[in-house]
$ cat start.cif   # mmCIF, C-alpha atoms (C1' of nucleotides) and all ligand atoms
data_model
#
loop_
_atom_site.label_atom_id
_atom_site.label_comp_id
_atom_site.auth_asym_id
_atom_site.auth_seq_id
_atom_site.Cartn_x
_atom_site.Cartn_y
_atom_site.Cartn_z
CA MET V 287 150.92 99.44 61.85
CA ASN V 288 151.15 99.75 58.10
CA LYS V 289 154.86 99.69 57.32
CA ALA V 290 154.45 100.99 53.76
CA ALA V 291 152.56 104.04 54.95
CA GLN V 292 155.23 104.71 57.54
CA LEU V 293 157.97 104.52 54.95
CA GLU V 294 156.13 106.89 52.66
CA ALA V 295 155.52 109.24 55.58
CA SER V 296 159.19 109.18 56.48
CA GLU V 297 160.18 110.03 52.91
CA LEU V 298 157.74 112.93 52.71
CA LEU V 299 158.98 114.33 55.99
CA LYS V 300 162.60 114.22 54.85
CA ASN V 301 161.73 115.82 51.51
CA ALA V 302 160.03 118.62 53.40
CA ASP V 303 163.07 119.18 55.62
CA VAL V 304 161.27 117.96 58.70
CA TYR V 305 163.05 115.57 61.04
CA PRO V 306 161.21 112.25 60.75
CA SER V 307 160.64 111.48 64.40
CA TYR V 308 158.68 108.40 65.37
CA GLN V 309 155.72 110.53 66.42
CA ARG V 310 155.67 112.58 63.22
CA ILE V 311 155.91 109.45 61.08
CA MET V 312 153.02 107.91 62.96
CA VAL V 313 150.85 111.02 62.68
CA LEU V 314 151.36 111.26 58.93
CA ALA V 315 151.04 107.52 58.35
CA SER V 316 147.87 107.56 60.39
CA LEU V 317 146.51 110.32 58.16
CA PHE V 318 147.37 108.23 55.09
CA GLU V 319 145.50 105.22 56.41
CA SER V 320 142.35 107.19 57.13
CA ASP V 321 140.62 107.62 53.79
CA GLU V 322 138.29 110.08 55.45
CA HIS V 323 139.32 113.60 56.36
CA PRO V 324 140.01 113.28 60.07
CA SER V 325 140.22 116.05 62.62
CA ALA V 326 143.27 116.43 64.84
CA ASP V 327 141.42 114.90 67.75
CA ALA V 328 140.20 111.97 65.65
CA LEU V 329 143.80 111.29 64.68
CA PHE V 330 144.91 111.61 68.29
CA LYS V 331 142.38 108.98 69.34
CA GLN V 332 143.25 106.74 66.39
CA LEU V 333 146.94 106.95 67.29
CA GLY V 334 146.30 106.15 70.91
CA SER V 335 146.52 102.39 70.46
CA ASN V 336 149.80 102.43 68.52
CA VAL V 337 151.57 105.28 70.27
CA PRO V 338 150.17 105.30 73.80
CA THR V 339 152.22 108.23 75.07
CA ILE V 340 151.67 110.60 72.17
CA SER V 341 150.28 113.92 73.25
CA ARG V 342 147.64 116.12 71.76
CA ALA V 343 150.21 118.90 71.40
CA THR V 344 152.43 116.75 69.19
CA VAL V 345 149.52 115.84 66.94
CA TYR V 346 148.53 119.47 66.56
CA ASN V 347 152.13 120.64 66.16
CA THR V 348 152.87 118.02 63.51
CA LEU V 349 149.72 118.68 61.52
CA ASN V 350 150.25 122.45 61.60
CA LEU V 351 153.88 122.05 60.62
CA LEU V 352 153.00 119.82 57.68
CA VAL V 353 150.33 122.23 56.50
CA ASP V 354 152.90 125.03 56.59
CA LYS V 355 155.33 122.89 54.62
CA GLY V 356 152.66 122.08 52.06
CA VAL V 357 152.82 118.34 52.72
CA ILE V 358 149.18 118.07 53.75
CA ARG V 359 146.12 120.32 53.51
CA SER V 360 143.75 121.69 56.11
CA LEU V 361 140.03 121.98 55.52
CA HIS V 362 137.86 124.63 57.09
CA THR V 363 134.13 124.03 56.98
CA ALA V 364 130.98 125.14 58.74
CA GLY V 365 131.77 122.41 61.27
CA ALA V 366 133.69 123.38 64.37
CA GLU V 367 136.83 121.34 63.80
CA THR V 368 139.60 121.68 61.27
CA HIS V 369 140.03 118.57 59.15
CA PHE V 370 143.12 117.34 57.36
CA ASP V 371 143.80 115.78 53.98
CA SER V 372 146.91 113.87 52.99
CA VAL V 373 146.15 114.29 49.30
CA SER V 374 147.95 117.39 48.11
CA GLU V 375 146.70 117.36 44.54
CA THR V 376 144.13 120.07 43.95
CA HIS V 377 140.58 118.97 44.54
CA GLY V 378 137.47 120.39 46.12
CA HIS V 379 135.34 119.19 49.01
CA PHE V 380 131.70 118.81 49.86
CA PHE V 381 130.68 119.23 53.50
CA CYS V 382 127.35 117.73 54.58
CA ARG V 383 125.74 119.94 57.23
CA LYS V 384 123.74 117.00 58.54
CA CYS V 385 126.12 114.05 58.87
CA LYS V 386 129.24 116.29 58.85
CA LYS V 387 131.01 114.00 56.37
CA ILE V 388 133.47 115.49 53.89
CA TYR V 389 133.49 114.16 50.33
CA ASP V 390 136.13 114.70 47.68
CA ILE V 391 135.03 116.63 44.63
CA PRO V 392 137.10 116.62 41.46
CA GLN V 393 137.93 120.26 40.91
CA GLN V 394 136.83 121.65 37.58
CA ASN V 395 139.07 124.67 37.36
CA THR V 396 142.36 122.97 38.14
CA GLU V 397 144.59 125.90 37.23
CA VAL V 398 146.20 126.96 40.48
CA LYS V 399 146.77 130.66 40.93
CA HIS V 400 150.05 131.80 42.46
CA GLU V 401 149.15 135.47 42.57
CA LEU V 402 145.83 137.27 42.87
CA ASP V 403 145.46 141.06 42.92
CA GLY V 404 149.05 141.28 44.09
CA HIS V 405 148.53 138.78 46.91
CA LEU V 406 150.84 135.79 47.14
CA VAL V 407 148.72 132.65 47.03
CA GLU V 408 150.09 129.66 48.93
CA SER V 409 147.04 127.43 48.95
CA GLN V 410 143.41 127.36 47.96
CA GLU V 411 140.30 125.66 49.25
CA LEU V 412 137.01 125.10 47.49
CA VAL V 413 134.29 123.89 49.82
CA PHE V 414 130.69 123.19 48.93
CA THR V 415 128.11 122.85 51.69
CA GLY V 416 124.71 121.20 51.64
CA LEU V 417 123.05 117.84 52.08
CA CYS V 418 124.93 114.79 50.88
CA LYS V 419 123.56 112.07 48.64
CA GLU V 420 122.56 109.91 51.60
CA CYS V 421 121.17 112.63 53.86
CA ARG V 422 118.76 114.01 51.26
CA GLU V 423 117.05 110.57 51.37
CA MET W 230 122.82 154.71 63.11
CA ASN W 231 122.55 154.54 59.35
CA LYS W 232 118.81 154.65 58.66
CA ALA W 233 119.14 153.47 55.06
CA ALA W 234 121.06 150.36 56.09
CA GLN W 235 118.45 149.62 58.73
CA LEU W 236 115.64 149.91 56.20
CA GLU W 237 117.43 147.59 53.79
CA ALA W 238 118.11 145.16 56.61
CA SER W 239 114.46 145.17 57.61
CA GLU W 240 113.38 144.46 54.04
CA LEU W 241 115.82 141.57 53.68
CA LEU W 242 114.63 140.06 56.96
CA LYS W 243 110.99 140.21 55.89
CA ASN W 244 111.78 138.72 52.50
CA ALA W 245 113.52 135.84 54.26
CA ASP W 246 110.53 135.24 56.53
CA VAL W 247 112.39 136.37 59.61
CA TYR W 248 110.66 138.69 62.06
CA PRO W 249 112.53 142.02 61.83
CA SER W 250 113.17 142.67 65.51
CA TYR W 251 115.18 145.71 66.52
CA GLN W 252 118.16 143.55 67.42
CA ARG W 253 118.11 141.60 64.17
CA ILE W 254 117.83 144.78 62.14
CA MET W 255 120.77 146.27 63.99
CA VAL W 256 122.92 143.14 63.55
CA LEU W 257 122.33 143.02 59.81
CA ALA W 258 122.65 146.79 59.34
CA SER W 259 125.86 146.67 61.32
CA LEU W 260 127.17 143.98 58.97
CA PHE W 261 126.23 146.18 55.98
CA GLU W 262 128.15 149.13 57.36
CA SER W 263 131.31 147.13 57.97
CA ASP W 264 132.99 146.83 54.59
CA GLU W 265 135.35 144.31 56.11
CA HIS W 266 134.33 140.74 56.89
CA PRO W 267 133.70 140.94 60.63
CA SER W 268 133.55 138.09 63.10
CA ALA W 269 130.55 137.65 65.36
CA ASP W 270 132.47 139.07 68.27
CA ALA W 271 133.65 142.07 66.25
CA LEU W 272 130.02 142.80 65.37
CA PHE W 273 129.01 142.35 68.99
CA LYS W 274 131.56 144.94 70.07
CA GLN W 275 130.64 147.29 67.22
CA LEU W 276 126.96 147.05 68.19
CA GLY W 277 127.70 147.74 71.83
CA SER W 278 127.47 151.52 71.49
CA ASN W 279 124.15 151.55 69.64
CA VAL W 280 122.40 148.65 71.34
CA PRO W 281 123.91 148.53 74.83
CA THR W 282 121.88 145.56 76.08
CA ILE W 283 122.35 143.28 73.08
CA SER W 284 123.74 139.90 74.01
CA ARG W 285 126.35 137.73 72.38
CA ALA W 286 123.76 134.97 71.98
CA THR W 287 121.50 137.21 69.91
CA VAL W 288 124.35 138.20 67.62
CA TYR W 289 125.33 134.56 67.08
CA ASN W 290 121.71 133.42 66.74
CA THR W 291 120.93 136.12 64.20
CA LEU W 292 124.02 135.52 62.10
CA ASN W 293 123.49 131.75 62.07
CA LEU W 294 119.83 132.17 61.20
CA LEU W 295 120.65 134.51 58.32
CA VAL W 296 123.30 132.14 56.99
CA ASP W 297 120.72 129.33 57.04
CA LYS W 298 118.24 131.55 55.22
CA GLY W 299 120.87 132.42 52.62
CA VAL W 300 120.71 136.14 53.40
CA ILE W 301 124.38 136.38 54.35
CA ARG W 302 127.44 134.15 53.98
CA SER W 303 129.86 132.68 56.48
CA LEU W 304 133.57 132.41 55.79
CA HIS W 305 135.78 129.69 57.20
CA THR W 306 139.50 130.31 57.02
CA ALA W 307 142.70 129.14 58.68
CA GLY W 308 141.96 131.77 61.32
CA ALA W 309 140.12 130.72 64.43
CA GLU W 310 136.95 132.76 64.02
CA THR W 311 134.12 132.50 61.54
CA HIS W 312 133.64 135.69 59.53
CA PHE W 313 130.52 136.99 57.86
CA ASP W 314 129.78 138.66 54.55
CA SER W 315 126.64 140.61 53.69
CA VAL W 316 127.32 140.29 49.98
CA SER W 317 125.50 137.21 48.75
CA GLU W 318 126.69 137.38 45.13
CA THR W 319 129.25 134.70 44.38
CA HIS W 320 132.81 135.81 44.93
CA GLY W 321 135.95 134.33 46.41
CA HIS W 322 138.14 135.44 49.29
CA PHE W 323 141.80 135.78 50.07
CA PHE W 324 142.91 135.23 53.67
CA CYS W 325 146.25 136.67 54.74
CA ARG W 326 147.92 134.37 57.24
CA LYS W 327 149.95 137.27 58.62
CA CYS W 328 147.59 140.21 59.11
CA LYS W 329 144.46 137.99 59.09
CA LYS W 330 142.64 140.34 56.72
CA ILE W 331 140.12 138.95 54.25
CA TYR W 332 140.03 140.40 50.74
CA ASP W 333 137.31 139.96 48.13
CA ILE W 334 138.36 138.14 45.00
CA PRO W 335 136.23 138.27 41.87
CA GLN W 336 135.37 134.65 41.18
CA GLN W 337 136.42 133.41 37.78
CA ASN W 338 134.20 130.39 37.47
CA THR W 339 130.91 132.06 38.39
CA GLU W 340 128.67 129.18 37.43
CA VAL W 341 127.10 127.96 40.66
CA LYS W 342 126.54 124.24 40.99
CA HIS W 343 123.30 123.03 42.56
CA GLU W 344 124.19 119.37 42.53
CA LEU W 345 127.52 117.56 42.69
CA ASP W 346 127.91 113.76 42.61
CA GLY W 347 124.34 113.50 43.85
CA HIS W 348 124.91 115.90 46.73
CA LEU W 349 122.60 118.89 47.13
CA VAL W 350 124.73 122.04 47.08
CA GLU W 351 123.39 124.94 49.10
CA SER W 352 126.44 127.19 49.16
CA GLN W 353 130.04 127.30 48.11
CA GLU W 354 133.18 128.96 49.39
CA LEU W 355 136.43 129.58 47.58
CA VAL W 356 139.20 130.70 49.91
CA PHE W 357 142.80 131.43 48.97
CA THR W 358 145.42 131.67 51.68
CA GLY W 359 148.82 133.30 51.62
CA LEU W 360 150.50 136.66 52.13
CA CYS W 361 148.59 139.74 51.09
CA LYS W 362 149.94 142.54 48.92
CA GLU W 363 151.00 144.59 51.93
CA CYS W 364 152.43 141.79 54.06
CA ARG W 365 154.79 140.49 51.39
CA GLU W 366 156.48 143.94 51.51
"C1'" DT S 125 92.02 146.24 78.20
"C1'" DA S 126 93.10 141.67 80.09
"C1'" DC S 127 94.62 137.16 79.18
"C1'" DT S 128 97.29 133.66 76.95
"C1'" DC S 129 100.60 131.61 74.07
"C1'" DT S 130 104.55 131.97 71.29
"C1'" DA S 131 108.76 134.18 69.74
"C1'" DT S 132 112.75 136.59 70.94
"C1'" DT S 133 116.28 138.33 73.94
"C1'" DT S 134 119.35 138.26 77.78
"C1'" DA S 135 123.29 137.20 81.11
"C1'" DG S 136 125.97 134.03 82.47
"C1'" DA S 137 127.48 129.19 82.55
"C1'" DT S 138 129.28 125.62 79.82
"C1'" DT S 139 131.63 123.22 76.03
"C1'" DA S 140 135.35 122.02 73.31
"C1'" DA S 141 138.95 123.03 69.63
"C1'" DA S 142 143.24 124.76 69.77
"C1'" DT S 143 147.14 126.81 71.87
"C1'" DC S 144 150.40 127.54 75.52
"C1'" DT S 145 153.78 126.40 79.24
"C1'" DA S 146 157.40 124.46 81.50
"C1'" DA S 147 159.60 120.28 82.37
"C1'" DA S 148 161.31 115.86 80.43
"C1'" DT S 149 163.26 113.39 76.71
"C1'" DT S 150 165.67 112.74 72.44
"C1'" DT S 151 168.94 113.95 68.93
"C1'" DA S 152 173.19 115.70 66.79
"C1'" DG S 153 177.76 117.51 67.05
"C1'" DA S 154 182.13 118.41 69.35
"C1'" DT X 113 181.00 111.84 77.22
"C1'" DC X 114 179.34 116.52 77.32
"C1'" DT X 115 176.48 120.22 75.66
"C1'" DA X 116 173.08 122.66 73.15
"C1'" DA X 117 169.23 122.42 70.24
"C1'" DA X 118 165.15 120.01 68.85
"C1'" DT X 119 161.22 117.44 70.05
"C1'" DT X 120 157.76 115.54 73.02
"C1'" DT X 121 154.78 115.45 76.94
"C1'" DA X 122 150.91 116.35 80.40
"C1'" DG X 123 148.20 119.42 81.86
"C1'" DA X 124 146.69 124.24 82.20
"C1'" DT X 125 144.85 127.94 79.64
"C1'" DT X 126 142.44 130.46 76.11
"C1'" DT X 127 138.45 131.58 73.61
"C1'" DA X 128 134.98 130.96 69.80
"C1'" DA X 129 130.69 129.18 70.04
"C1'" DT X 130 126.82 127.05 72.13
"C1'" DC X 131 123.61 126.17 75.82
"C1'" DT X 132 120.33 127.22 79.64
"C1'" DA X 133 116.74 129.10 82.10
"C1'" DA X 134 114.57 133.26 83.13
"C1'" DA X 135 112.92 137.79 81.40
"C1'" DT X 136 110.83 140.47 77.84
"C1'" DA X 137 108.22 141.45 73.70
"C1'" DG X 138 104.79 140.43 70.25
"C1'" DA X 139 100.44 138.44 68.36
"C1'" DG X 140 95.81 136.74 68.79
"C1'" DT X 141 91.42 136.53 71.22
"C1'" DA X 142 87.61 138.08 73.83
MN MN V 501 140.16 115.42 50.08
MN MN V 502 133.35 139.15 50.59
ZN ZN V 503 125.20 113.65 54.97
ZN ZN V 504 148.43 140.73 55.22
#

$ encode --input "start.cif" --output "structure tokens"
Amino acid sequence: MNKAAQLEASELLKNADVYPSYQRIMVLASLFESDEHPSADALFKQLGSNVPTISRATVYNTLNLLVDKGVIRSLHTAGAETHFDSVSETHGHFFCRKCKKIYDIPQQNTEVKHELDGHLVESQELVFTGLCKECRE
Amino acid sequence: MNKAAQLEASELLKNADVYPSYQRIMVLASLFESDEHPSADALFKQLGSNVPTISRATVYNTLNLLVDKGVIRSLHTAGAETHFDSVSETHGHFFCRKCKKIYDIPQQNTEVKHELDGHLVESQELVFTGLCKECRE
DNA sequence: TACTCTATTTAGATTAAATCTAAATTTAGA
DNA sequence: TCTAAATTTAGATTTAATCTAAATAGAGTA
């Protein structure tokens, strides 16, 4: 129950024009506290102890809403689940096909495109896949 | 029943050390003929007319095997399904959140990394998301 | 050819991430 | 307080993907 994270979460929600309900604050604060890139279900389980009655639907709804609002990012890898990232600054990711961990990668080409071939770009994802430092022995 | 595509598919399979069974040839040839970026299920349905007895498992097994062998690429977007691309040259993709279409995007930074922060890079994916040319009206 | 072993395919069952539904609860405004 | 809209909840449902066990096909040997 990190109060600072909850305050920051509340602020971000308000700035994004999203009503800062207790559940939404806890979902976002929980994402802040996990330095990994958790899946929705991982967050749901992590929240279980603090917010016993929270439902899976609320976790999914909140995460999807915040992705739409640009507050957080979603990561799509060769793994089955979608993962989430509270850091909105542009950076890439490395997905290890063995241990399934996701590492941050400083993105080289940081210029963010807003239009490509006439398409309106709202977000971008750069994902590398392979064997991580530890899994290649 | 494009014979040229089937011949090319057979060659690629052999080069990748994969036994070129009739089903595998048809799956890969079918991917060649679809200029879109089909999902496994879309390919399964498309194959239905030519190879009536082919099973979903074979389509999935073949596609996964060919991704592992580096013959084809898999695309992971905000959409639910994994899509596949027969073009192995490096290029990016644009995913339209409205019509769900996937467009090819010539990749600017074409230099392919083989190692990042000590991680072994086997493939990379650059995916933009937003509203495509047609869906933004 | 006949025999054996391995590789591949098949149909259907199973798994699990994500969404959906309809009822309950909470919030904001009059 | 009353009412309507927003949010949450539990559980059912959907469906992409994998798994299973049996059938089929291919390769090697004699
Ligand atoms: Mn990250
Ligand atoms: Mn492509
Ligand atoms: Zn690893
Ligand atoms: Zn579109």

$ interface_residues --input "start.cif" --of "chain S" --to "chain V" --cutoff "10 Å" --atoms "all atoms listed in the file" --output "PyMOL selection string"
chain S and resi 140-144+150-151

$ atom_distance --input "start.cif" --atom1 "atom C1' of S:DA146" --atom2 "atom CA of V:Ile340"
17.7 Å

$ interface_residues --input "start.cif" --of "chain X" --to "chain W" --cutoff "9 Å" --atoms "all atoms listed in the file" --output "compact mmCIF listing (two decimals) with C-alpha atoms (C1' of nucleotides), in the coordinates of the input"
# COMPACT_ATOMS: atom_id res chain seq x y z
C1' DA X 128 134.98 130.96 69.80
C1' DA X 129 130.69 129.18 70.04
C1' DT X 130 126.82 127.05 72.13

$ closest_residue --input "start.cif" --among "V:Pro306, V:Gly378, V:Pro324, V:Pro392" --to "W:Glu354" --atoms "all atoms listed in the file"
V:Gly378

$ residues_around --input "start.cif" --residues "stretch 131-141 of chain X" --least-positions-apart "3" --cutoff "12 Å" --atoms "only C-alpha atoms (C1' of nucleotides)" --output "MDAnalysis selection string"
(chainID W and resid 248:252 286 290) or (chainID S and resid 125:139)

$ residues_near_ligand --input "start.cif" --ligand "ligand ZN 503 (chain V)" --cutoff "8 Å" --atoms "all atoms listed in the file" --output "ChimeraX atom specification"
/V:381-387,417-422

$ interface_residues --input "start.cif" --of "chain V" --to "chain W" --cutoff "8 Å" --atoms "only C-alpha atoms" --output "ChimeraX atom specification"
/V:360,362-364,391,395,402-419,422

$ atom_distance --input "start.cif" --atom1 "atom CA of V:Glu319" --atom2 "atom CA of V:Thr344"
18.6 Å

$ calpha_fit_and_write --input "start.cif" --fixed "chain V" --moving "chain W" --output "JSON list (two decimals) with C-alpha atoms, keeping the file's coordinate frame"
[["chain", "number", "residue", "atom", "x", "y", "z"],
["W", 230, "MET", "CA", 150.97, 99.47, 61.84],
["W", 231, "ASN", "CA", 151.16, 99.77, 58.08],
["W", 232, "LYS", "CA", 154.88, 99.69, 57.31],
["W", 233, "ALA", "CA", 154.47, 100.99, 53.76],
["W", 234, "ALA", "CA", 152.57, 104.06, 54.94],
["W", 235, "GLN", "CA", 155.24, 104.71, 57.54],
["W", 236, "LEU", "CA", 157.99, 104.51, 54.95],
["W", 237, "GLU", "CA", 156.15, 106.91, 52.66],
["W", 238, "ALA", "CA", 155.53, 109.24, 55.57],
["W", 239, "SER", "CA", 159.20, 109.20, 56.49],
["W", 240, "GLU", "CA", 160.20, 110.04, 52.93],
["W", 241, "LEU", "CA", 157.75, 112.93, 52.72],
["W", 242, "LEU", "CA", 159.01, 114.33, 56.02],
["W", 243, "LYS", "CA", 162.63, 114.22, 54.87],
["W", 244, "ASN", "CA", 161.76, 115.83, 51.55],
["W", 245, "ALA", "CA", 160.06, 118.64, 53.45],
["W", 246, "ASP", "CA", 163.10, 119.17, 55.67],
["W", 247, "VAL", "CA", 161.31, 117.93, 58.75],
["W", 248, "TYR", "CA", 163.09, 115.53, 61.08],
["W", 249, "PRO", "CA", 161.22, 112.21, 60.78],
["W", 250, "SER", "CA", 160.66, 111.43, 64.44],
["W", 251, "TYR", "CA", 158.67, 108.36, 65.39],
["W", 252, "GLN", "CA", 155.71, 110.48, 66.43],
["W", 253, "ARG", "CA", 155.69, 112.54, 63.25],
["W", 254, "ILE", "CA", 155.93, 109.43, 61.10],
["W", 255, "MET", "CA", 153.03, 107.87, 62.97],
["W", 256, "VAL", "CA", 150.87, 111.01, 62.68],
["W", 257, "LEU", "CA", 151.38, 111.26, 58.93],
["W", 258, "ALA", "CA", 151.05, 107.51, 58.34],
["W", 259, "SER", "CA", 147.88, 107.56, 60.39],
["W", 260, "LEU", "CA", 146.52, 110.33, 58.17],
["W", 261, "PHE", "CA", 147.40, 108.23, 55.08],
["W", 262, "GLU", "CA", 145.51, 105.23, 56.40],
["W", 263, "SER", "CA", 142.36, 107.21, 57.15],
["W", 264, "ASP", "CA", 140.61, 107.62, 53.82],
["W", 265, "GLU", "CA", 138.28, 110.08, 55.47],
["W", 266, "HIS", "CA", 139.31, 113.62, 56.35],
["W", 267, "PRO", "CA", 140.03, 113.30, 60.07],
["W", 268, "SER", "CA", 140.23, 116.06, 62.63],
["W", 269, "ALA", "CA", 143.27, 116.43, 64.84],
["W", 270, "ASP", "CA", 141.42, 114.91, 67.74],
["W", 271, "ALA", "CA", 140.20, 111.97, 65.64],
["W", 272, "LEU", "CA", 143.81, 111.28, 64.66],
["W", 273, "PHE", "CA", 144.90, 111.61, 68.27],
["W", 274, "LYS", "CA", 142.37, 108.98, 69.32],
["W", 275, "GLN", "CA", 143.23, 106.73, 66.37],
["W", 276, "LEU", "CA", 146.93, 106.94, 67.27],
["W", 277, "GLY", "CA", 146.27, 106.13, 70.90],
["W", 278, "SER", "CA", 146.50, 102.36, 70.42],
["W", 279, "ASN", "CA", 149.78, 102.40, 68.50],
["W", 280, "VAL", "CA", 151.56, 105.24, 70.26],
["W", 281, "PRO", "CA", 150.12, 105.24, 73.79],
["W", 282, "THR", "CA", 152.18, 108.17, 75.09],
["W", 283, "ILE", "CA", 151.64, 110.55, 72.18],
["W", 284, "SER", "CA", 150.27, 113.89, 73.26],
["W", 285, "ARG", "CA", 147.62, 116.11, 71.76],
["W", 286, "ALA", "CA", 150.20, 118.89, 71.40],
["W", 287, "THR", "CA", 152.42, 116.72, 69.21],
["W", 288, "VAL", "CA", 149.52, 115.81, 66.95],
["W", 289, "TYR", "CA", 148.53, 119.46, 66.55],
["W", 290, "ASN", "CA", 152.14, 120.62, 66.17],
["W", 291, "THR", "CA", 152.87, 118.01, 63.53],
["W", 292, "LEU", "CA", 149.73, 118.68, 61.52],
["W", 293, "ASN", "CA", 150.26, 122.45, 61.60],
["W", 294, "LEU", "CA", 153.90, 122.06, 60.64],
["W", 295, "LEU", "CA", 153.02, 119.82, 57.70],
["W", 296, "VAL", "CA", 150.34, 122.23, 56.51],
["W", 297, "ASP", "CA", 152.92, 125.04, 56.60],
["W", 298, "LYS", "CA", 155.36, 122.89, 54.65],
["W", 299, "GLY", "CA", 152.67, 122.11, 52.08],
["W", 300, "VAL", "CA", 152.85, 118.36, 52.73],
["W", 301, "ILE", "CA", 149.20, 118.08, 53.75],
["W", 302, "ARG", "CA", 146.14, 120.32, 53.52],
["W", 303, "SER", "CA", 143.77, 121.70, 56.12],
["W", 304, "LEU", "CA", 140.04, 121.99, 55.52],
["W", 305, "HIS", "CA", 137.86, 124.66, 57.07],
["W", 306, "THR", "CA", 134.14, 124.04, 56.95],
["W", 307, "ALA", "CA", 130.98, 125.14, 58.72],
["W", 308, "GLY", "CA", 131.78, 122.43, 61.25],
["W", 309, "ALA", "CA", 133.68, 123.37, 64.36],
["W", 310, "GLU", "CA", 136.84, 121.35, 63.81],
["W", 311, "THR", "CA", 139.62, 121.70, 61.28],
["W", 312, "HIS", "CA", 140.06, 118.58, 59.15],
["W", 313, "PHE", "CA", 143.14, 117.34, 57.37],
["W", 314, "ASP", "CA", 143.81, 115.79, 53.99],
["W", 315, "SER", "CA", 146.93, 113.88, 52.99],
["W", 316, "VAL", "CA", 146.17, 114.32, 49.31],
["W", 317, "SER", "CA", 147.96, 117.45, 48.15],
["W", 318, "GLU", "CA", 146.70, 117.40, 44.55],
["W", 319, "THR", "CA", 144.12, 120.10, 43.95],
["W", 320, "HIS", "CA", 140.57, 118.96, 44.54],
["W", 321, "GLY", "CA", 137.46, 120.39, 46.14],
["W", 322, "HIS", "CA", 135.34, 119.18, 49.02],
["W", 323, "PHE", "CA", 131.70, 118.81, 49.87],
["W", 324, "PHE", "CA", 130.66, 119.23, 53.51],
["W", 325, "CYS", "CA", 127.35, 117.75, 54.60],
["W", 326, "ARG", "CA", 125.73, 119.96, 57.21],
["W", 327, "LYS", "CA", 123.73, 117.01, 58.54],
["W", 328, "CYS", "CA", 126.11, 114.06, 58.87],
["W", 329, "LYS", "CA", 129.23, 116.28, 58.86],
["W", 330, "LYS", "CA", 131.00, 114.02, 56.38],
["W", 331, "ILE", "CA", 133.47, 115.50, 53.90],
["W", 332, "TYR", "CA", 133.48, 114.17, 50.34],
["W", 333, "ASP", "CA", 136.15, 114.70, 47.69],
["W", 334, "ILE", "CA", 135.03, 116.63, 44.65],
["W", 335, "PRO", "CA", 137.09, 116.61, 41.47],
["W", 336, "GLN", "CA", 137.93, 120.25, 40.89],
["W", 337, "GLN", "CA", 136.81, 121.60, 37.56],
["W", 338, "ASN", "CA", 139.02, 124.64, 37.30],
["W", 339, "THR", "CA", 142.33, 122.94, 38.09],
["W", 340, "GLU", "CA", 144.55, 125.85, 37.18],
["W", 341, "VAL", "CA", 146.18, 126.97, 40.42],
["W", 342, "LYS", "CA", 146.75, 130.67, 40.87],
["W", 343, "HIS", "CA", 150.02, 131.83, 42.41],
["W", 344, "GLU", "CA", 149.13, 135.49, 42.52],
["W", 345, "LEU", "CA", 145.80, 137.29, 42.81],
["W", 346, "ASP", "CA", 145.41, 141.09, 42.87],
["W", 347, "GLY", "CA", 149.00, 141.31, 44.05],
["W", 348, "HIS", "CA", 148.50, 138.81, 46.85],
["W", 349, "LEU", "CA", 150.82, 135.81, 47.10],
["W", 350, "VAL", "CA", 148.69, 132.66, 46.99],
["W", 351, "GLU", "CA", 150.07, 129.70, 48.88],
["W", 352, "SER", "CA", 147.03, 127.44, 48.93],
["W", 353, "GLN", "CA", 143.40, 127.36, 47.95],
["W", 354, "GLU", "CA", 140.29, 125.66, 49.24],
["W", 355, "LEU", "CA", 137.01, 125.09, 47.48],
["W", 356, "VAL", "CA", 134.29, 123.89, 49.83],
["W", 357, "PHE", "CA", 130.67, 123.19, 48.94],
["W", 358, "THR", "CA", 128.11, 122.85, 51.70],
["W", 359, "GLY", "CA", 124.71, 121.22, 51.65],
["W", 360, "LEU", "CA", 123.04, 117.84, 52.08],
["W", 361, "CYS", "CA", 124.93, 114.80, 50.90],
["W", 362, "LYS", "CA", 123.54, 112.08, 48.66],
["W", 363, "GLU", "CA", 122.54, 109.92, 51.62],
["W", 364, "CYS", "CA", 121.16, 112.65, 53.88],
["W", 365, "ARG", "CA", 118.74, 114.03, 51.31],
["W", 366, "GLU", "CA", 117.06, 110.58, 51.34]]

$ atom_distance --input "start.cif" --atom1 "atom CA of W:Ser278" --atom2 "atom CA of W:Glu237"
20.7 Å

$ closest_residue --input "start.cif" --among "W:Ile301, W:Asn293, W:Asn244, W:Glu265" --to "W:Ile331" --atoms "only C-alpha atoms"
W:Glu265

$ build_atoms --input "start.cif" --residues "stretch 239-244 of chain W" --atoms "N, CA and C atoms" --output "PDB file, in the frame of the given file"
ATOM      1  N   SER W 239     115.838 145.549  57.282  1.00  0.00           N
ATOM      2  CA  SER W 239     114.460 145.170  57.610  1.00  0.00           C
ATOM      3  C   SER W 239     113.771 144.499  56.430  1.00  0.00           C
ATOM      4  N   GLU W 240     113.980 145.041  55.245  1.00  0.00           N
ATOM      5  CA  GLU W 240     113.380 144.460  54.040  1.00  0.00           C
ATOM      6  C   GLU W 240     113.893 143.044  53.808  1.00  0.00           C
ATOM      7  N   LEU W 241     115.217 142.878  53.915  1.00  0.00           N
ATOM      8  CA  LEU W 241     115.820 141.570  53.680  1.00  0.00           C
ATOM      9  C   LEU W 241     115.303 140.545  54.687  1.00  0.00           C
ATOM     10  N   LEU W 242     115.145 140.962  55.926  1.00  0.00           N
ATOM     11  CA  LEU W 242     114.630 140.060  56.960  1.00  0.00           C
ATOM     12  C   LEU W 242     113.221 139.605  56.612  1.00  0.00           C
ATOM     13  N   LYS W 243     112.375 140.558  56.240  1.00  0.00           N
ATOM     14  CA  LYS W 243     110.990 140.210  55.890  1.00  0.00           C
ATOM     15  C   LYS W 243     110.967 139.264  54.695  1.00  0.00           C
ATOM     16  N   ASN W 244     111.750 139.568  53.693  1.00  0.00           N
ATOM     17  CA  ASN W 244     111.780 138.720  52.500  1.00  0.00           C
ATOM     18  C   ASN W 244     112.214 137.293  52.831  1.00  0.00           C
TER      19      ASN W 244
END
